[in-house]
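A.B. asks: Supplied structure: structure-v7.txt, compact mmCIF, C-alpha atoms and all ligand atoms.
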```
# COMPACT_ATOMS: atom_id res chain seq x y z
CA MET A 1 124.32 54.74 98.43
CA ASP A 2 124.54 52.45 101.44
CA THR A 3 123.79 48.83 100.75
CA TYR A 4 123.33 48.09 104.43
CA LYS A 5 119.89 47.90 106.03
CA ARG A 6 121.15 49.78 109.10
CA THR A 7 124.35 51.32 110.39
CA ILE A 8 124.98 50.94 114.08
CA VAL A 9 127.77 52.53 116.09
CA ILE A 10 128.86 50.54 119.13
CA THR A 11 130.97 52.75 121.40
CA GLY A 12 133.53 51.07 123.67
CA GLY A 13 133.46 48.07 121.34
CA ALA A 14 137.11 47.21 122.01
CA GLY A 15 136.47 46.84 125.75
CA PHE A 16 135.23 43.87 127.73
CA ILE A 17 131.46 43.88 127.18
CA GLY A 18 131.71 45.85 123.94
CA ASN A 19 133.68 43.20 122.07
CA HIS A 20 131.02 40.59 122.83
CA VAL A 21 128.29 42.94 121.60
CA VAL A 22 130.23 43.80 118.42
CA ARG A 23 130.92 40.10 117.71
CA LEU A 24 127.26 39.17 118.23
CA PHE A 25 125.98 41.95 115.94
CA VAL A 26 128.60 41.47 113.20
CA ASN A 27 127.94 37.73 113.00
CA LYS A 28 124.19 37.76 113.53
CA TYR A 29 123.34 40.70 111.26
CA PRO A 30 125.43 40.64 108.05
CA GLU A 31 122.83 43.07 106.66
CA TYR A 32 123.92 45.73 109.20
CA ARG A 33 127.10 47.78 109.07
CA ILE A 34 128.63 47.67 112.53
CA ILE A 35 131.05 50.44 113.45
CA CYS A 36 133.11 49.84 116.56
CA LEU A 37 133.95 53.30 117.90
CA ASP A 38 136.67 53.32 120.51
CA ALA A 39 139.39 55.66 121.80
CA LEU A 40 141.54 52.64 122.75
CA THR A 41 142.31 53.74 126.27
CA TYR A 42 144.22 51.32 128.49
CA ALA A 43 140.95 49.26 128.59
CA GLY A 44 140.47 49.02 124.82
CA ASN A 45 142.15 46.18 122.98
CA LEU A 46 141.65 45.51 119.28
CA ALA A 47 142.99 41.98 119.74
CA ASN A 48 139.60 41.31 121.38
CA LEU A 49 138.04 41.75 117.94
CA ALA A 50 140.61 39.93 115.80
CA ASP A 51 138.08 37.28 114.78
CA VAL A 52 135.65 39.82 113.26
CA ALA A 53 138.10 42.45 111.98
CA ASP A 54 137.98 41.06 108.41
CA LYS A 55 134.22 40.73 108.15
CA PRO A 56 132.82 42.98 105.38
CA ASN A 57 130.18 44.55 107.65
CA TYR A 58 132.69 45.53 110.38
CA GLU A 59 134.44 48.90 110.60
CA PHE A 60 136.60 50.48 113.26
CA ALA A 61 136.57 54.20 114.11
CA HIS A 62 139.38 55.37 116.35
CA LEU A 63 137.57 58.24 118.07
CA ASP A 64 137.07 59.77 121.48
CA ILE A 65 133.40 60.20 122.42
CA CYS A 66 134.29 63.64 123.80
CA ASP A 67 135.25 64.80 120.29
CA PHE A 68 131.85 66.19 119.25
CA ASP A 69 132.87 67.34 115.75
CA ALA A 70 134.47 64.05 114.79
CA ILE A 71 131.52 62.05 116.13
CA LEU A 72 129.01 64.22 114.27
CA ALA A 73 131.02 63.85 111.04
CA LEU A 74 131.06 60.07 111.44
CA LEU A 75 127.30 59.88 112.09
CA ARG A 76 126.68 62.00 108.98
CA THR A 77 129.06 60.31 106.56
CA LYS A 78 128.06 56.80 107.60
CA HIS A 79 124.30 57.52 107.94
CA VAL A 80 124.20 56.06 111.41
CA ASP A 81 120.72 55.18 112.65
CA GLY A 82 121.53 53.31 115.85
CA ILE A 83 123.96 53.90 118.71
CA ILE A 84 124.74 51.40 121.44
CA HIS A 85 126.79 53.30 123.97
CA LEU A 86 129.19 51.32 126.15
CA ALA A 87 132.31 53.51 126.13
CA ALA A 88 133.20 54.52 129.67
CA GLU A 89 135.80 54.56 132.35
CA SER A 90 134.59 51.48 134.20
CA HIS A 91 136.82 50.64 137.16
CA VAL A 92 135.68 51.80 140.62
CA ASP A 93 139.20 51.80 142.13
CA ARG A 94 140.50 54.06 139.34
CA SER A 95 137.57 56.42 139.91
CA ILE A 96 138.65 56.78 143.53
CA SER A 97 142.15 57.86 142.52
CA ASP A 98 141.21 59.91 139.41
CA PRO A 99 137.57 61.09 139.50
CA PHE A 100 138.09 63.73 136.79
CA ALA A 101 138.73 61.12 134.10
CA PHE A 102 135.33 59.61 134.95
CA ALA A 103 133.48 62.92 134.76
CA ARG A 104 135.15 63.65 131.42
CA THR A 105 134.40 60.39 129.63
CA ASN A 106 131.24 59.19 131.34
CA VAL A 107 129.46 62.52 131.70
CA LEU A 108 130.89 64.89 129.06
CA GLY A 109 131.54 62.06 126.59
CA THR A 110 127.96 60.81 126.86
CA LEU A 111 126.65 64.36 126.52
CA SER A 112 128.74 64.95 123.40
CA LEU A 113 127.44 61.70 121.87
CA LEU A 114 123.83 62.62 122.69
CA GLN A 115 124.24 66.08 121.21
CA ALA A 116 125.87 64.70 118.06
CA ALA A 117 123.06 62.14 117.61
CA ARG A 118 120.44 64.83 118.16
CA THR A 119 122.10 67.26 115.75
CA TYR A 120 122.42 64.70 112.97
CA TRP A 121 119.04 63.01 113.36
CA GLU A 122 117.13 66.29 113.67
CA SER A 123 118.70 67.40 110.36
CA LEU A 124 117.11 64.50 108.48
CA PRO A 125 113.67 64.73 106.83
CA GLU A 126 112.43 61.71 108.78
CA LYS A 127 114.11 63.00 112.00
CA TYR A 128 113.99 60.42 114.82
CA GLU A 129 111.96 57.80 112.95
CA GLY A 130 113.76 54.47 112.99
CA LYS A 131 116.56 55.85 115.19
CA ARG A 132 117.73 54.55 118.55
CA PHE A 133 120.19 55.70 121.21
CA TYR A 134 120.77 52.87 123.66
CA HIS A 135 122.80 53.71 126.78
CA ILE A 136 124.40 50.89 128.76
CA SER A 137 124.56 51.59 132.46
CA THR A 138 125.16 49.82 135.73
CA ASP A 139 123.35 48.67 138.86
CA GLU A 140 125.84 50.75 140.89
CA VAL A 141 123.77 53.89 140.26
CA TYR A 142 121.22 52.56 142.76
CA GLY A 143 123.80 52.57 145.57
CA ALA A 144 124.03 49.59 147.90
CA LEU A 145 121.63 47.12 149.49
CA ALA A 146 121.96 45.95 153.08
CA LEU A 147 123.61 42.64 153.90
CA THR A 148 120.74 40.82 155.54
CA CYS A 149 122.09 37.35 154.94
CA PRO A 150 121.63 34.85 157.78
CA GLU A 151 125.00 33.68 159.13
CA GLY A 152 126.64 31.02 156.96
CA LYS A 153 123.89 30.83 154.38
CA ALA A 154 125.61 32.67 151.56
CA ALA A 155 128.45 30.18 151.75
CA GLU A 156 126.11 27.52 150.40
CA PHE A 157 125.31 29.40 147.23
CA SER A 158 123.75 32.53 145.77
CA ALA A 159 120.23 33.64 145.03
CA HIS A 160 117.48 35.62 146.50
CA GLU A 161 116.20 33.09 149.01
CA VAL A 162 119.47 33.74 150.84
CA TYR A 163 119.19 37.51 151.04
CA GLY A 164 115.44 37.99 150.88
CA ASP A 165 113.38 39.97 148.43
CA ASP A 166 115.46 43.13 148.53
CA PHE A 167 116.51 44.06 145.00
CA PHE A 168 117.22 47.04 142.81
CA VAL A 169 114.18 47.58 140.57
CA GLU A 170 113.88 50.02 137.69
CA THR A 171 112.21 52.59 139.96
CA SER A 172 114.77 52.33 142.79
CA LYS A 173 116.13 55.67 143.92
CA TYR A 174 119.47 56.74 142.46
CA ALA A 175 122.04 56.81 145.29
CA PRO A 176 125.54 56.42 143.82
CA HIS A 177 128.49 56.26 146.21
CA SER A 178 131.67 56.06 144.15
CA PRO A 179 132.89 58.65 141.64
CA TYR A 180 132.39 55.91 139.01
CA SER A 181 128.74 55.31 139.89
CA ALA A 182 128.12 59.05 140.33
CA SER A 183 129.42 59.63 136.80
CA LYS A 184 127.29 56.80 135.39
CA ALA A 185 124.22 58.12 137.26
CA SER A 186 124.84 61.54 135.77
CA SER A 187 125.13 60.11 132.27
CA ASP A 188 121.84 58.20 132.76
CA HIS A 189 120.14 61.47 133.74
CA PHE A 190 121.48 63.21 130.62
CA VAL A 191 120.19 60.38 128.41
CA ARG A 192 116.69 60.60 129.91
CA ALA A 193 116.79 64.41 129.75
CA PHE A 194 117.52 64.21 126.00
CA HIS A 195 114.44 62.07 125.56
CA ASP A 196 112.22 64.27 127.69
CA THR A 197 113.51 67.56 126.25
CA TYR A 198 114.20 66.83 122.59
CA GLY A 199 112.38 63.55 121.99
CA LEU A 200 115.62 61.63 121.31
CA PRO A 201 114.63 57.94 121.11
CA THR A 202 116.59 56.61 124.09
CA ILE A 203 116.68 53.41 126.13
CA VAL A 204 118.70 52.81 129.31
CA THR A 205 119.65 49.49 130.84
CA ASN A 206 121.29 48.91 134.22
CA CYS A 207 123.18 45.66 134.50
CA SER A 208 124.86 43.77 137.32
CA ASN A 209 128.51 42.59 137.40
CA ASN A 210 129.60 40.83 134.21
CA TYR A 211 132.18 38.07 134.00
CA GLY A 212 133.67 36.07 131.13
CA PRO A 213 136.45 36.19 128.49
CA TYR A 214 138.36 39.39 127.59
CA GLN A 215 137.82 41.27 130.86
CA PHE A 216 140.69 43.55 131.76
CA PRO A 217 142.67 41.91 134.59
CA GLU A 218 142.19 44.78 137.02
CA LYS A 219 138.72 43.43 137.83
CA LEU A 220 138.21 40.77 140.50
CA ILE A 221 137.70 37.60 138.45
CA PRO A 222 140.44 37.85 135.75
CA LEU A 223 142.90 39.41 138.21
CA PHE A 224 142.46 36.57 140.67
CA ILE A 225 142.56 33.80 138.04
CA ASN A 226 145.87 35.18 136.78
CA ASN A 227 147.25 35.57 140.30
CA ILE A 228 146.27 32.04 141.29
CA ARG A 229 147.97 30.68 138.20
CA HIS A 230 151.16 32.56 139.07
CA ARG A 231 150.78 31.95 142.81
CA LYS A 232 150.61 35.65 143.63
CA PRO A 233 148.66 37.02 146.64
CA LEU A 234 144.91 37.55 146.20
CA PRO A 235 144.06 40.97 147.67
CA VAL A 236 140.56 40.54 149.16
CA TYR A 237 139.18 43.93 150.23
CA GLY A 238 137.93 44.12 153.83
CA LYS A 239 136.49 40.84 155.03
CA GLY A 240 135.39 39.64 151.60
CA GLU A 241 131.74 39.83 152.75
CA ASN A 242 130.55 42.18 150.00
CA VAL A 243 128.01 40.68 147.65
CA ARG A 244 127.86 41.05 143.88
CA ASP A 245 125.30 39.69 141.39
CA TRP A 246 127.17 38.01 138.51
CA LEU A 247 126.05 37.63 134.90
CA TYR A 248 127.92 35.88 132.09
CA VAL A 249 128.92 38.55 129.57
CA GLU A 250 127.40 36.78 126.54
CA ASP A 251 124.04 36.76 128.31
CA HIS A 252 124.36 40.54 128.71
CA ALA A 253 125.19 40.85 125.00
CA ARG A 254 122.07 38.82 124.12
CA ALA A 255 119.97 41.09 126.33
CA ILE A 256 121.42 44.16 124.58
CA ASP A 257 120.55 42.70 121.17
CA LEU A 258 116.97 41.98 122.28
CA ILE A 259 116.47 45.38 123.93
CA PHE A 260 118.03 47.29 121.03
CA HIS A 261 115.51 45.67 118.66
CA LYS A 262 112.43 45.18 120.85
CA GLY A 263 112.79 47.48 123.86
CA LYS A 264 110.38 50.39 124.26
CA ILE A 265 111.67 53.91 123.75
CA ALA A 266 112.17 55.88 126.99
CA GLU A 267 112.11 52.69 129.06
CA THR A 268 114.64 51.41 131.56
CA TYR A 269 115.36 47.71 131.93
CA ASN A 270 117.40 46.08 134.68
CA ILE A 271 119.58 43.16 133.59
CA GLY A 272 120.86 40.54 136.03
CA GLY A 273 121.01 36.84 136.63
CA PHE A 274 119.66 36.45 140.21
CA ASN A 275 123.10 35.17 141.02
CA GLU A 276 124.51 36.70 144.19
CA TRP A 277 127.80 35.72 145.73
CA LYS A 278 129.96 36.95 148.57
CA ASN A 279 133.39 37.93 147.23
CA ILE A 280 135.20 35.46 149.45
CA ASP A 281 133.07 32.58 148.14
CA ILE A 282 133.85 33.58 144.56
CA VAL A 283 137.54 33.62 145.46
CA ARG A 284 137.33 30.11 146.94
CA ILE A 285 135.54 28.82 143.83
CA LEU A 286 138.20 30.40 141.59
CA ILE A 287 141.00 28.78 143.60
CA LYS A 288 139.30 25.40 143.48
CA THR A 289 138.64 25.62 139.74
CA VAL A 290 142.10 26.89 138.74
CA ASP A 291 143.81 24.28 140.92
CA ARG A 292 141.71 21.47 139.45
CA LEU A 293 142.22 22.60 135.84
CA LEU A 294 145.98 22.98 136.36
CA GLY A 295 146.20 19.52 137.95
CA ARG A 296 147.15 20.96 141.33
CA LYS A 297 145.82 19.55 144.57
CA GLU A 298 142.33 21.08 144.95
CA GLY A 299 142.39 24.05 147.32
CA GLU A 300 146.20 24.00 147.45
CA ASP A 301 146.27 27.76 146.82
CA LEU A 302 143.81 28.87 149.51
CA ASN A 303 146.79 30.33 151.37
CA LEU A 304 147.09 33.01 148.65
CA ILE A 305 144.04 34.77 150.12
CA THR A 306 145.29 38.03 151.61
CA TYR A 307 142.87 40.37 153.38
CA VAL A 308 143.78 43.99 152.58
CA THR A 309 142.45 47.43 153.50
CA ASP A 310 138.91 47.86 152.25
CA ARG A 311 138.00 49.92 149.16
CA LEU A 312 136.85 53.41 150.20
CA GLY A 313 133.06 53.61 150.32
CA HIS A 314 132.82 49.91 149.36
CA ASP A 315 129.19 49.08 148.49
CA ALA A 316 127.94 46.17 150.59
CA ARG A 317 125.63 44.43 148.18
CA TYR A 318 124.22 44.73 144.66
CA ALA A 319 121.27 42.63 143.50
CA ILE A 320 119.21 43.19 140.40
CA ASP A 321 115.59 42.32 139.82
CA SER A 322 115.41 41.62 136.07
CA ARG A 323 111.83 40.36 136.07
CA LYS A 324 110.58 43.29 133.95
CA LEU A 325 112.92 42.26 131.14
CA GLN A 326 111.87 38.64 131.50
CA ARG A 327 108.16 39.50 131.58
CA GLU A 328 108.11 42.07 128.78
CA LEU A 329 110.75 40.79 126.36
CA GLY A 330 111.25 37.15 127.42
CA TRP A 331 114.98 37.41 128.24
CA GLU A 332 116.57 34.93 130.63
CA PRO A 333 120.20 34.17 131.38
CA SER A 334 121.24 31.02 129.54
CA LEU A 335 124.15 29.87 131.69
CA GLN A 336 124.27 28.48 135.20
CA PHE A 337 127.00 30.14 137.24
CA GLU A 338 128.98 26.90 137.69
CA GLU A 339 129.17 26.45 133.90
CA GLY A 340 129.98 30.14 133.33
CA ILE A 341 132.82 30.13 135.84
CA GLU A 342 134.25 26.89 134.45
CA ARG A 343 134.20 28.36 130.91
CA THR A 344 135.71 31.62 132.13
CA VAL A 345 138.58 30.04 134.07
CA ARG A 346 139.33 27.72 131.14
CA TRP A 347 139.37 30.70 128.76
CA TYR A 348 141.92 32.66 130.83
CA LEU A 349 144.10 29.57 131.33
CA ASP A 350 143.96 28.78 127.61
CA ASN A 351 144.66 32.41 126.64
CA GLN A 352 147.70 33.15 128.74
CA GLU A 353 149.20 35.03 125.79
CA TRP A 354 146.24 37.46 125.77
CA LEU A 355 146.68 38.01 129.51
CA ASP A 356 150.45 38.46 129.18
CA ASN A 357 149.98 40.97 126.36
CA VAL A 358 147.57 42.92 128.52
CA THR A 359 149.63 42.82 131.68
CA THR A 360 152.83 43.81 129.84
CA GLY A 361 151.11 46.53 127.78
CA GLU A 362 152.04 44.79 124.50
CA TYR A 363 148.37 44.89 123.38
CA GLN A 364 148.70 48.63 122.87
CA ASN A 365 150.79 47.96 119.76
CA TYR A 366 147.95 46.02 118.17
CA TYR A 367 146.46 49.12 116.54
CA GLU A 368 149.65 49.79 114.54
CA LYS A 369 149.83 46.15 113.53
CA MET A 370 146.23 46.29 112.25
CA TYR A 371 145.95 49.81 110.81
CA GLY A 372 149.45 51.30 110.61
CA LYS A 373 150.59 54.39 112.49
CA ARG A 374 147.99 56.30 114.51
P1 LIG B 401 135.84 48.43 129.75
O1 LIG B 401 136.57 49.35 130.66
O2 LIG B 401 136.31 47.03 129.62
O3 LIG B 401 135.78 49.05 128.30
C1 LIG B 401 135.52 50.40 128.06
C2 LIG B 401 135.83 50.71 126.60
O4 LIG B 401 135.52 52.08 126.36
C3 LIG B 401 137.31 50.51 126.23
O5 LIG B 401 137.40 49.84 124.99
C4 LIG B 401 137.85 51.93 126.13
O6 LIG B 401 138.92 52.07 125.21
C5 LIG B 401 136.60 52.68 125.65
N1 LIG B 401 136.66 54.10 126.01
C6 LIG B 401 136.97 54.65 127.21
N2 LIG B 401 136.94 55.99 127.14
C7 LIG B 401 136.57 56.31 125.86
C8 LIG B 401 136.34 57.54 125.17
N3 LIG B 401 136.52 58.72 125.77
N4 LIG B 401 135.97 57.48 123.88
C9 LIG B 401 135.80 56.29 123.26
N5 LIG B 401 136.04 55.11 123.85
C10 LIG B 401 136.40 55.10 125.14
O7 LIG B 401 134.33 48.48 130.25
P2 LIG B 401 133.23 47.31 130.30
O8 LIG B 401 133.40 46.56 131.56
O9 LIG B 401 133.19 46.60 129.01
O10 LIG B 401 131.91 48.19 130.46
C11 LIG B 401 131.25 48.69 129.30
C12 LIG B 401 130.04 49.50 129.73
O11 LIG B 401 129.16 48.70 130.48
C13 LIG B 401 130.39 50.69 130.63
O12 LIG B 401 129.56 51.76 130.28
C14 LIG B 401 130.08 50.20 132.03
O13 LIG B 401 129.71 51.27 132.86
C15 LIG B 401 128.91 49.28 131.75
N6 LIG B 401 128.74 48.15 132.69
C16 LIG B 401 129.79 47.32 132.97
C17 LIG B 401 129.59 46.23 133.81
C18 LIG B 401 130.70 45.25 134.13
O14 LIG B 401 130.51 44.39 134.99
N7 LIG B 401 131.84 45.32 133.48
C19 LIG B 401 128.32 46.00 134.36
C20 LIG B 401 127.28 46.90 134.06
C21 LIG B 401 127.50 47.96 133.21
O1 LIG B 402 127.93 46.15 139.25
C1 LIG B 402 128.36 46.47 137.97
C2 LIG B 402 129.78 46.98 138.04
O2 LIG B 402 130.62 45.85 138.28
C3 LIG B 402 130.22 47.71 136.78
O3 LIG B 402 129.43 48.84 136.62
C4 LIG B 402 131.69 48.09 136.87
O4 LIG B 402 132.12 48.68 135.66
C5 LIG B 402 132.51 46.84 137.14
O5 LIG B 402 133.87 47.17 137.28
C6 LIG B 402 132.00 46.11 138.37
O6 LIG B 402 132.28 46.87 139.57
P1 LIG B 402 132.82 46.18 140.91
O7 LIG B 402 133.51 47.20 141.71
O8 LIG B 402 131.73 45.39 141.56
O9 LIG B 402 133.86 45.11 140.25
P2 LIG B 402 135.33 44.67 140.68
O10 LIG B 402 135.69 43.49 139.84
O11 LIG B 402 136.27 45.82 140.73
O12 LIG B 402 135.12 44.17 142.17
C7 LIG B 402 134.21 43.12 142.50
C8 LIG B 402 134.21 42.98 144.02
O13 LIG B 402 135.48 42.44 144.42
C9 LIG B 402 134.06 44.28 144.77
O14 LIG B 402 133.28 44.07 145.94
C10 LIG B 402 135.48 44.66 145.16
C11 LIG B 402 136.17 43.32 145.32
N1 LIG B 402 137.61 43.28 144.97
C12 LIG B 402 137.98 43.75 143.75
C13 LIG B 402 139.31 43.74 143.38
C14 LIG B 402 139.73 44.27 142.03
C15 LIG B 402 138.53 42.75 145.86
O15 LIG B 402 138.17 42.30 146.96
N2 LIG B 402 139.85 42.74 145.49
C16 LIG B 402 140.28 43.22 144.28
O16 LIG B 402 141.51 43.20 144.01
```
Could you write out this structure as structure tokens?

C.D. replies:
Amino acid sequence: MDTYKRTIVITGGAGFIGNHVVRLFVNKYPEYRIICLDALTYAGNLANLADVADKPNYEFAHLDICDFDAILALLRTKHVDGIIHLAAESHVDRSISDPFAFARTNVLGTLSLLQAARTYWESLPEKYEGKRFYHISTDEVYGALALTCPEGKAAEFSAHEVYGDDFFVETSKYAPHSPYSASKASSDHFVRAFHDTYGLPTIVTNCSNNYGPYQFPEKLIPLFINNIRHRKPLPVYGKGENVRDWLYVEDHARAIDLIFHKGKIAETYNIGGFNEWKNIDIVRILIKTVDRLLGRKEGEDLNLITYVTDRLGHDARYAIDSRKLQRELGWEPSLQFEEGIERTVRWYLDNQEWLDNVTTGEYQNYYEKMYGKR
């Protein structure tokens, strides 16, 4: 008999956001068994979870979400009653060069997970009572907002007084542009369809860009911090005018915890920090911060900025209205952007070994070191 109060599977737990969610749940809820389920693609790194790997309520399941039979067997044998689904192919540029991988994992993988949850939970006497399938999605499903910023204003700082009251809300139309966002949009539709058709107790959240420790250095912030440190060119797409809305990853993890426990079934919540920045301004802040922390002359590395051909179909602006989440569940971001960026840059500078292991591919041997041969 299980001694745990609940058993929760967190898919994609070895990735960037997933490891913060796993850490939060393992430490905050010793009464829950937390199973990190991950296929360990190039983006999954068990070293991200080294500090919780020995906790008694933590388990790792090396599985692909597309493997329906294996997922169903895990749900059954471990009596899983909650699923927090983060596993995905997540990088827009990769989706442009290999869209099939995104359809496979994000669409078929999500469908296989939904069907496994439905099959197992419907077989129980209590059926869906006390169960929860929480799907983590992105603001990119809503497409792109216009850049209405008055000349020069965004350079001062972020926020909605700069761009006006034009946000993605929970009822915004789905209008994905990239293969990545199209695959996430499709997965969101499947999740809602499983609620509406079978009564599966689902929740969907759509979050803005996350930043913080353990992000794979193909994404803007860790890639550029590493390049500045090593004085490599910083490839800014187009004119660097695109706007993203940045949220510190631990604030996202806190929102996920709150919504998993208190969110209403069948609801959608947007998550974001009202923190918009033009890419080029982020790049300047990163250069300034890295230079200062490394004792270089401030701004010495501005000449690394290299404008390159724009990303295909590059969305102009994302901005999330998270007031529903604030109003209904009382969530607010805890960190000011300046503090979050300072912490983030310090973390990457202090964890050069982590970055080196990732950039050399050494991290892929971590599984064998932890668990023996695959
Ligand atoms: P990530 O790429 O860092 O991590 C993805 C994880 O999923 C990796 O550990 C990988 O090994 C695992 N994975 C991939 N394919 C799998 C499969 N077939 N089976 C099992 N595991 C698999 O991604 P992230 O940035 O942490 O994003 C996590 C989730 O949050 C994604 O669903 C993404 O769409 C969403 N999201 C991300 C952001 C962001 O800014 N990073 C913002 C909003 C929403
Ligand atoms: O909005 C949420 C999304 O944020 C998540 O759903 C995605 O999983 C996540 O990857 C992220 O998508 P973006 O495309 O916004 O993130 P990325 O870090 O790739 O790029 C941020 C911005 O910086 C974007 O406008 C493209 C630009 N960029 C990116 C890279 C990697 C550059 O100018 N140069 C670069 O080398």

A.B. asks: What do you get as JSON, numbers by chain if you pick all residues at most 7 Å from ligand LIG 401 (chain B), counting only C-alpha atoms and all ligand atoms?

C.D. replies: {"A": [11, 12, 13, 14, 15, 16, 17, 18, 37, 38, 39, 40, 41, 42, 43, 44, 45, 63, 64, 65, 66, 86, 87, 88, 89, 90, 91, 105, 109, 136, 137, 138, 139, 184, 206, 207, 208, 209, 210, 211, 215, 216]}

A.B. asks: Show which residues sit within 7 Å of range 75-79 of chain A, as an MDAnalysis selection string. Count only C-alpha atoms, and ignore same-chain residues fewer than 2 positions away.

C.D. replies: chainID A and resid 7 71:73 81 120

A.B. asks: Go through chain A residue by residue and, counting all atoms listed in the file, keep those with an atom at most 8 Å from ligand LIG 402 (chain B); for each kept residue give the shortest atom pair and its distance in Å to one decimal, ordered by chain and increasing number, as a Markdown table.

C.D. replies:
```
| residue | atom | partner | partner_atom | distance |
| --- | --- | --- | --- | --- |
| A:Glu89 | CA | B:LIG402 | O4 | 7.7 |
| A:Ser90 | CA | B:LIG402 | O4 | 4.0 |
| A:His91 | CA | B:LIG402 | O5 | 4.6 |
| A:Val92 | CA | B:LIG402 | O7 | 5.2 |
| A:Asp93 | CA | B:LIG402 | O11 | 6.8 |
| A:Ser137 | CA | B:LIG402 | O3 | 7.0 |
| A:Thr138 | CA | B:LIG402 | O3 | 4.5 |
| A:Asp139 | CA | B:LIG402 | O1 | 5.2 |
| A:Glu140 | CA | B:LIG402 | O1 | 5.3 |
| A:Tyr180 | CA | B:LIG402 | O4 | 8.0 |
| A:Ser181 | CA | B:LIG402 | O3 | 7.3 |
| A:Cys207 | CA | B:LIG402 | C1 | 6.3 |
| A:Ser208 | CA | B:LIG402 | O1 | 4.3 |
| A:Asn209 | CA | B:LIG402 | C1 | 3.9 |
| A:Asn210 | CA | B:LIG402 | O2 | 6.5 |
| A:Glu218 | CA | B:LIG402 | C14 | 5.6 |
| A:Lys219 | CA | B:LIG402 | O10 | 3.6 |
| A:Leu220 | CA | B:LIG402 | O10 | 3.8 |
| A:Ile221 | CA | B:LIG402 | O10 | 6.4 |
| A:Leu223 | CA | B:LIG402 | C14 | 6.9 |
| A:Phe224 | CA | B:LIG402 | O16 | 7.5 |
| A:Leu234 | CA | B:LIG402 | O16 | 6.9 |
| A:Pro235 | CA | B:LIG402 | O16 | 5.0 |
| A:Val236 | CA | B:LIG402 | O15 | 3.7 |
| A:Tyr237 | CA | B:LIG402 | O15 | 3.8 |
| A:Gly238 | CA | B:LIG402 | O15 | 7.1 |
| A:Gly240 | CA | B:LIG402 | O15 | 6.0 |
| A:Asn242 | CA | B:LIG402 | O14 | 5.2 |
| A:Val243 | CA | B:LIG402 | O14 | 6.5 |
| A:Arg244 | CA | B:LIG402 | O8 | 6.3 |
| A:Asp245 | CA | B:LIG402 | O1 | 7.3 |
| A:Asn279 | CA | B:LIG402 | O13 | 5.7 |
| A:Ile280 | CA | B:LIG402 | O15 | 7.9 |
| A:Asp310 | CA | B:LIG402 | O15 | 7.7 |
| A:Arg311 | CA | B:LIG402 | C10 | 7.1 |
| A:His314 | CA | B:LIG402 | O14 | 6.8 |
| A:Asp315 | CA | B:LIG402 | O14 | 7.0 |
| A:Ala316 | CA | B:LIG402 | O14 | 7.4 |
| A:Arg317 | CA | B:LIG402 | O14 | 8.0 |
| A:Tyr318 | CA | B:LIG402 | O1 | 6.7 |
```

A.B. asks: Would you kindly return, as a PyMOL selection string, each protein, DNA or RNA residue with an atom no farther than 10 Å from any atom of Asp291 in chain A, considering only C-alpha atoms and excluding same-chain residues fewer than 3 positions away?

C.D. replies: chain A and resi 228-229+285-288+294-302

A.B. asks: Smallest atom-to-atom distance to His20 in chain A: which of A:Leu49, A:Ala144, A:Leu113, A:Leu335, using all atoms listed in the file?

C.D. replies: A:Leu49

A.B. asks: Could you list, as a PyMOL selection string, every residue within 7 Å of Ile84 in chain A, counting only C-alpha atoms and ignoring same-chain residues fewer than 2 positions away?

C.D. replies: chain A and resi 9-11+82+86+133-135

A.B. asks: Around (111.4, 52.7, 129.1) in the file's own coordinates, what residues are found within 12 Å if you use only C-alpha atoms, given back as an NGL selection string?

C.D. replies: :A and (134-135 or 170-171 or 191-192 or 195-196 or 201-206 or 259-260 or 262-270 or 324-325 or 328)

A.B. asks: Could you tell me which of A:Lys28, A:Lys5, A:Arg118, A:Arg94 comes closest to Phe68 in chain A if we count all atoms listed in the file?

C.D. replies: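 Looking only at the distances to Phe68 in chain A, the closest residue turns out to be A:Arg118.
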
A.B. asks: Would you mind listing what lies within 10 Å of Pro213 in chain A as JSON, numbers by chain, with all atoms listed in the file counted and same-chain residues fewer than 5 positions away left out?

C.D. replies: {"A": [16, 17, 19, 20, 48, 222, 248, 249, 250, 343, 344, 345, 346, 347, 348, 351]}

A.B. asks: Would you kindly identify which residues have an atom no farther than 10 Å from (136.2, 47.0, 111.2), using only C-alpha atoms and the file's own coordinates, and write them out as a list in words?

C.D. replies: Val22, Val26, Arg33, Ile34, Ile35, Cys36, Leu37, Leu46, Leu49, Ala50, Val52, Ala53, Asp54, Lys55, Pro56, Asn57, Tyr58, Glu59, Phe60 and Ala61 of chain A

A.B. asks: Just give me the gap between CA of Pro30 in chain A and CA of Gly330 in chain A in Å, one decimal is fine.

C.D. replies: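 Taking CA of Pro30 in chain A and CA of Gly330 in chain A, their separation equals 24.3 Å.
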
A.B. asks: Rounded to one decimal in Å, what is the spacing between CA of Gly372 in chain A and CA of Asn357 in chain A?

C.D. replies: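 Spanning CA of Gly372 in chain A to CA of Asn357 in chain A is a straight-line distance of 18.8 Å.
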
A.B. asks: Can you measure CA of Gly212 in chain A to CA of Ile341 in chain A for me? One decimal in Å is fine.

C.D. replies: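 Those two atoms sit 7.6 Å apart.
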
A.B. asks: Let me make sure I understand: among A:Val290, A:Pro217, A:Leu304, A:Ala253, which one has the smallest atom-to-atom distance to Thr360 in chain A if we use all atoms listed in the file?

C.D. replies: A:Pro217

A.B. asks: Mind checking which residues fall within 9 Å of Pro333 in chain A, counting all atoms listed in the file, ignoring those fewer than 3 positions away in the same chain, and posting them as a list in words?

C.D. replies: Leu247, Tyr248, Asp251, His252, Arg254, Ala255, Gly272, Gly273 and Gln336 of chain A
